[in-house]
Structure formats: C-alpha cells, structure tokens
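Reviewing the structure listed below.
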Amino acid sequence: THGNTNYIYMRTKAILCAASLAAGALTSMAQVYSQNIVGYVNVAQGASGGYNYLSNPLDASPNNAATNVFPNPDPTQDYSGPYDGSQLQEWTGAGFKVSVFDSVTTDSTTGFTTLGGAQTACPNLPGGKGFLVLNSSGLTTITFVGQVRTGTSTMVLAAPAPLVSIGSMIPVSGDLIANLGFANPDPTQDYSGPLDGAQVQMLKVAPNGAALGYNVYVFDSVTTDTTTGFTTLAGAQVAAPQIPLAGGFLMGGLSSPYTWTQTLNP
C-alpha cells in the first residue's frame, strides 16, 4: 500500500493537535504515504454562552458548507443536535451576520434560522475564512474533520479595504510571521514593508465567555521601533500575535494588495 496514491493517512492526532504543525515531519513521510491526508483538529470551547473566533483548518467533505464543517444530527427531531441554539456569525465588513443552528427540519431545511426563527441559507466556511461561534449548547470541544490542504495555499488581501475576517488556510498555530507565513521584509528600513501599517485584531474574551473587544497589533518592519515586527496603536513594541490552531482574526488597513502564501509539504 505504500505506493498507492489513494492511500489515506489517518493517524494525524499527534500532528494536528500539537500547538504547531511541523512541515518537516510530514515531508519525511512523503515516500511512504500519498498526499491524501485526512485528519481532525480538536478545539476546546469556552463557557457556554461564550464567544470563540474560529477558522476552518481542513477541507470538509463533500464541501465546506457549515452543515459539513459542523455536523448537527438530530434523529429524534427534538432540538438535540449538538450545536442547536448556538450561533454562527459571519463578518460582512461592517458587522456580523447571525445564523442560528437548528436541526429540526420543520423549522429549516438548511440547518439554520435567523435570530427571529426564519429559515436562512447555510453559511459557507472555506479555508481561510474567520467566523465567530457563540456557544449556547454547552459544547466543550469542537472537532473539525477533513482533508489537510497540502502544497501551496494563497489568499489575496485587497487594499484599500475594510477589515476582513480570516484564519490560517492550513492547520498551523503560533506567531503570525514565524509560523503562519505572513512576511513583511523591509531591507531599507524605511517603512516599505508590504504590510507596514496594517492591523491585526484578535478577539478578547472574558472567563465567562463574553466578548470584550479586540487586541490590536500593527505591522512595523523597522527594527528601531520593534524587534517583534509589531507595535500597539500608540507605537509601543508588543509581542507578535499568537494565533491558536483553527483560530480566526480580523485584518485590514493594507496600503497595497498583499498575497498571503502558506505551504505545507506532505
């Protein structure tokens, strides 16, 4: 089976559930397994009634409709689906559109309703899209299941543009530059880094799950300003933002279009 290109490598817990994904470890397996790597990612949830900023790190089957990314079966049709009552919130550029998980087919054939109870379209959650989940169903863990995106993944961030809601296209976590692949070189040290001035905003959540606003990080390539590559809005050095596995965030304020490139070699 080692030469079978349809072989699916399933033992991914040790790889995907780690704090970061080592591309070199996967590279060492390339002579044994094919590129069809199926895995899962467990994400611990906060308090019931709490917010979680997420992004789909895998490709769900047969597509990335929210009903595939977050299966919500309810064979007894009594609102016992694991996500029933929780909210999925999509950034529109000006605010968040709310869709409520609803597994009862007499309420909705799409799996979702509006806050008012009317049927609404099933959201689409492709890789790289950030979204909020308001956990109202008591879940302690969300599990993403799907195929790992291998090779090169890219996302074009437009400029000038309002904030966009994004997340890693591959299952990695950590420093936005060192681990997630954002690059902001400035060899002349004259604020000519392609991301200089752009902002990253990460949701702050209280112990009870309430949203407390956002921590803001500003890209700054000039090493006399900061050795981390980031400052506060006031210009003080700040540690680089750490993106959790399957974490989402807001980004905006680019002065020119930027292509974010991530590579994962199996």
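Chain lettering (A, B, ...) mirrors the order of the structure tokens, residue numbering begins at 1 for each chain separately, and ligand numbering begins at 1 in order of display.
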Problem set entry | Residue contacts of segment 237-251 of chain A (7 Å, only C-alpha atoms) excluding same-chain residues fewer than 6 positions away, as an NGL selection string | :A and (19 or 53-57 or 130-131 or 163-167 or 171-176 or 199-202 or 225-226 or 228-231)
For this session: Please return as JSON, numbers by chain: the residues of segment 22-133 of chain A that backbone DSSP assigns to helix (DSSP H, G or I).
Result: {"A": [23, 24, 25, 26, 27, 66, 67, 68, 69]}
Exercise. Quick one: residues within 10 Å of segment 211-213 of chain A, only C-alpha atoms counted, chain neighbours fewer than 5 positions away excluded, as a list in words?
Worked result: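 Counting only C-alpha atoms, the residues come to Gly50, Tyr51, Asn52, Leu134, Gln201, Met202, Leu203, Lys204, Val205 and Ala206 of chain A.
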How close does each residue of segment 106-133 of chain A get to segment 79-99 of chain A, giving the shortest atom pair and distance in Å to one decimal for every residue with an atom at most 6 Å away, counting only C-alpha atoms, sorted by chain and residue number, as a tab-separated table?
residue	atom	partner	partner_atom	distance
A:Phe112	CA	A:Ser99	CA	5.9
A:Thr113	CA	A:Ser99	CA	5.8
A:Thr114	CA	A:Ser99	CA	5.3
A:Phe131	CA	A:Glu90	CA	5.2
A:Leu132	CA	A:Gln89	CA	4.9
A:Val133	CA	A:Leu88	CA	4.7
For C-alpha atoms, I'd like the residues from the last selection saved as a compact mmCIF listing (two decimals), in the first residue's frame.
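Listing of again16.txt after writing:
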# COMPACT_ATOMS: atom_id res chain seq x y z
CA PHE A 112 -30.05 27.34 10.11
CA THR A 113 -32.51 30.07 11.04
CA THR A 114 -32.27 33.78 11.71
CA PHE A 131 -16.05 33.41 11.84
CA LEU A 132 -17.49 33.59 15.34
CA VAL A 133 -19.28 30.77 17.15
Problem set entry | Surrounding residues of Asp186 of chain A excluding itself and chain neighbours under 4 positions, 12 Å, only C-alpha atoms, as a ChimeraX atom specification | /A:190-196,219-223,229
Atoms kept (N, CA, C and O atoms) for selection, written as an mmCIF file, in the first residue's frame:
data_model
loop_
_atom_site.group_PDB
_atom_site.id
_atom_site.type_symbol
_atom_site.label_atom_id
_atom_site.label_comp_id
_atom_site.auth_asym_id
_atom_site.auth_seq_id
_atom_site.Cartn_x
_atom_site.Cartn_y
_atom_site.Cartn_z
ATOM 1 N N ASP A 190 12.763 51.682 5.872
ATOM 2 C CA ASP A 190 12.108 52.977 5.666
ATOM 3 C C ASP A 190 10.586 52.819 5.588
ATOM 4 O O ASP A 190 9.917 53.528 4.859
ATOM 5 N N TYR A 191 10.084 51.858 6.350
ATOM 6 C CA TYR A 191 8.656 51.572 6.405
ATOM 7 C C TYR A 191 8.084 51.141 5.053
ATOM 8 O O TYR A 191 6.939 51.432 4.721
ATOM 9 N N SER A 192 8.913 50.459 4.279
ATOM 10 C CA SER A 192 8.470 49.976 2.974
ATOM 11 C C SER A 192 8.069 48.509 2.997
ATOM 12 O O SER A 192 7.847 47.905 1.951
ATOM 13 N N GLY A 193 7.977 47.903 4.187
ATOM 14 C CA GLY A 193 7.467 46.538 4.276
ATOM 15 C C GLY A 193 6.061 46.467 3.712
ATOM 16 O O GLY A 193 5.253 47.384 3.905
ATOM 17 N N PRO A 194 5.726 45.410 2.988
ATOM 18 C CA PRO A 194 4.419 45.347 2.313
ATOM 19 C C PRO A 194 3.228 45.367 3.259
ATOM 20 O O PRO A 194 2.111 45.680 2.840
ATOM 21 N N LEU A 195 3.442 45.058 4.530
ATOM 22 C CA LEU A 195 2.339 45.046 5.495
ATOM 23 C C LEU A 195 2.416 46.197 6.496
ATOM 24 O O LEU A 195 1.559 46.294 7.385
ATOM 25 N N ASP A 196 3.421 47.061 6.376
ATOM 26 C CA ASP A 196 3.582 48.141 7.355
ATOM 27 C C ASP A 196 2.301 48.968 7.480
ATOM 28 O O ASP A 196 1.733 49.429 6.485
ATOM 29 N N PHE A 219 1.512 46.042 12.129
ATOM 30 C CA PHE A 219 2.749 45.597 11.497
ATOM 31 C C PHE A 219 3.731 46.766 11.414
ATOM 32 O O PHE A 219 3.386 47.867 10.982
ATOM 33 N N ASP A 220 4.983 46.512 11.811
ATOM 34 C CA ASP A 220 6.038 47.529 11.758
ATOM 35 C C ASP A 220 7.355 46.813 11.503
ATOM 36 O O ASP A 220 7.848 46.061 12.338
ATOM 37 N N SER A 221 7.932 47.074 10.329
ATOM 38 C CA SER A 221 9.139 46.358 9.907
ATOM 39 C C SER A 221 10.435 47.013 10.383
ATOM 40 O O SER A 221 11.513 46.432 10.214
ATOM 41 N N VAL A 222 10.369 48.219 10.947
ATOM 42 C CA VAL A 222 11.579 48.964 11.306
ATOM 43 C C VAL A 222 12.075 48.495 12.676
ATOM 44 O O VAL A 222 11.385 48.645 13.692
ATOM 45 N N THR A 223 13.258 47.939 12.707
ATOM 46 C CA THR A 223 13.743 47.280 13.930
ATOM 47 C C THR A 223 14.083 48.248 15.058
ATOM 48 O O THR A 223 14.203 47.832 16.207
ATOM 49 N N GLY A 229 8.294 42.910 15.124
ATOM 50 C CA GLY A 229 7.540 43.123 13.891
ATOM 51 C C GLY A 229 6.181 43.742 14.116
ATOM 52 O O GLY A 229 5.430 43.957 13.161
#
Exercise. Taking the backbone alone, and naming residues the way the document does, which bits of segment 15-185 of chain A are strand (DSSP E) by DSSP, as an MDAnalysis selection string?
Worked result: chainID A and resid 38:44 50:55 87:91 96:101 112:113 130:135 141:147 151:157 164:167 174:175
Problem set entry | Residue nearest Thr259 of chain A - candidates A:Gln77, A:Gln189, A:Ser48, A:Thr154, atoms counted: only C-alpha atoms |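 Using only C-alpha atoms, the shortest distance to Thr259 of chain A belongs to A:Thr154.
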Exercise. Of the candidates A:Leu180, A:Ala161, A:Met169, A:Thr227, which shows the shortest atom-to-atom distance to Tyr258 of chain A, using only C-alpha atoms?
Worked result: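 The closest residue to Tyr258 of chain A is A:Ala161.
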Problem set entry | Interatomic distance (Å, one decimal) between atom CA of Val38 of chain A and atom CA of Lys129 of chain A |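 Computing the Euclidean distance for atom CA of Val38 of chain A and atom CA of Lys129 of chain A yields 20.0 Å.
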Exercise. With only C-alpha atoms as the atoms that count, which of A:Met155, A:Ile177, A:Ile170, A:Val145 lies nearest to Ala60 of chain A?
Worked result: A:Val145
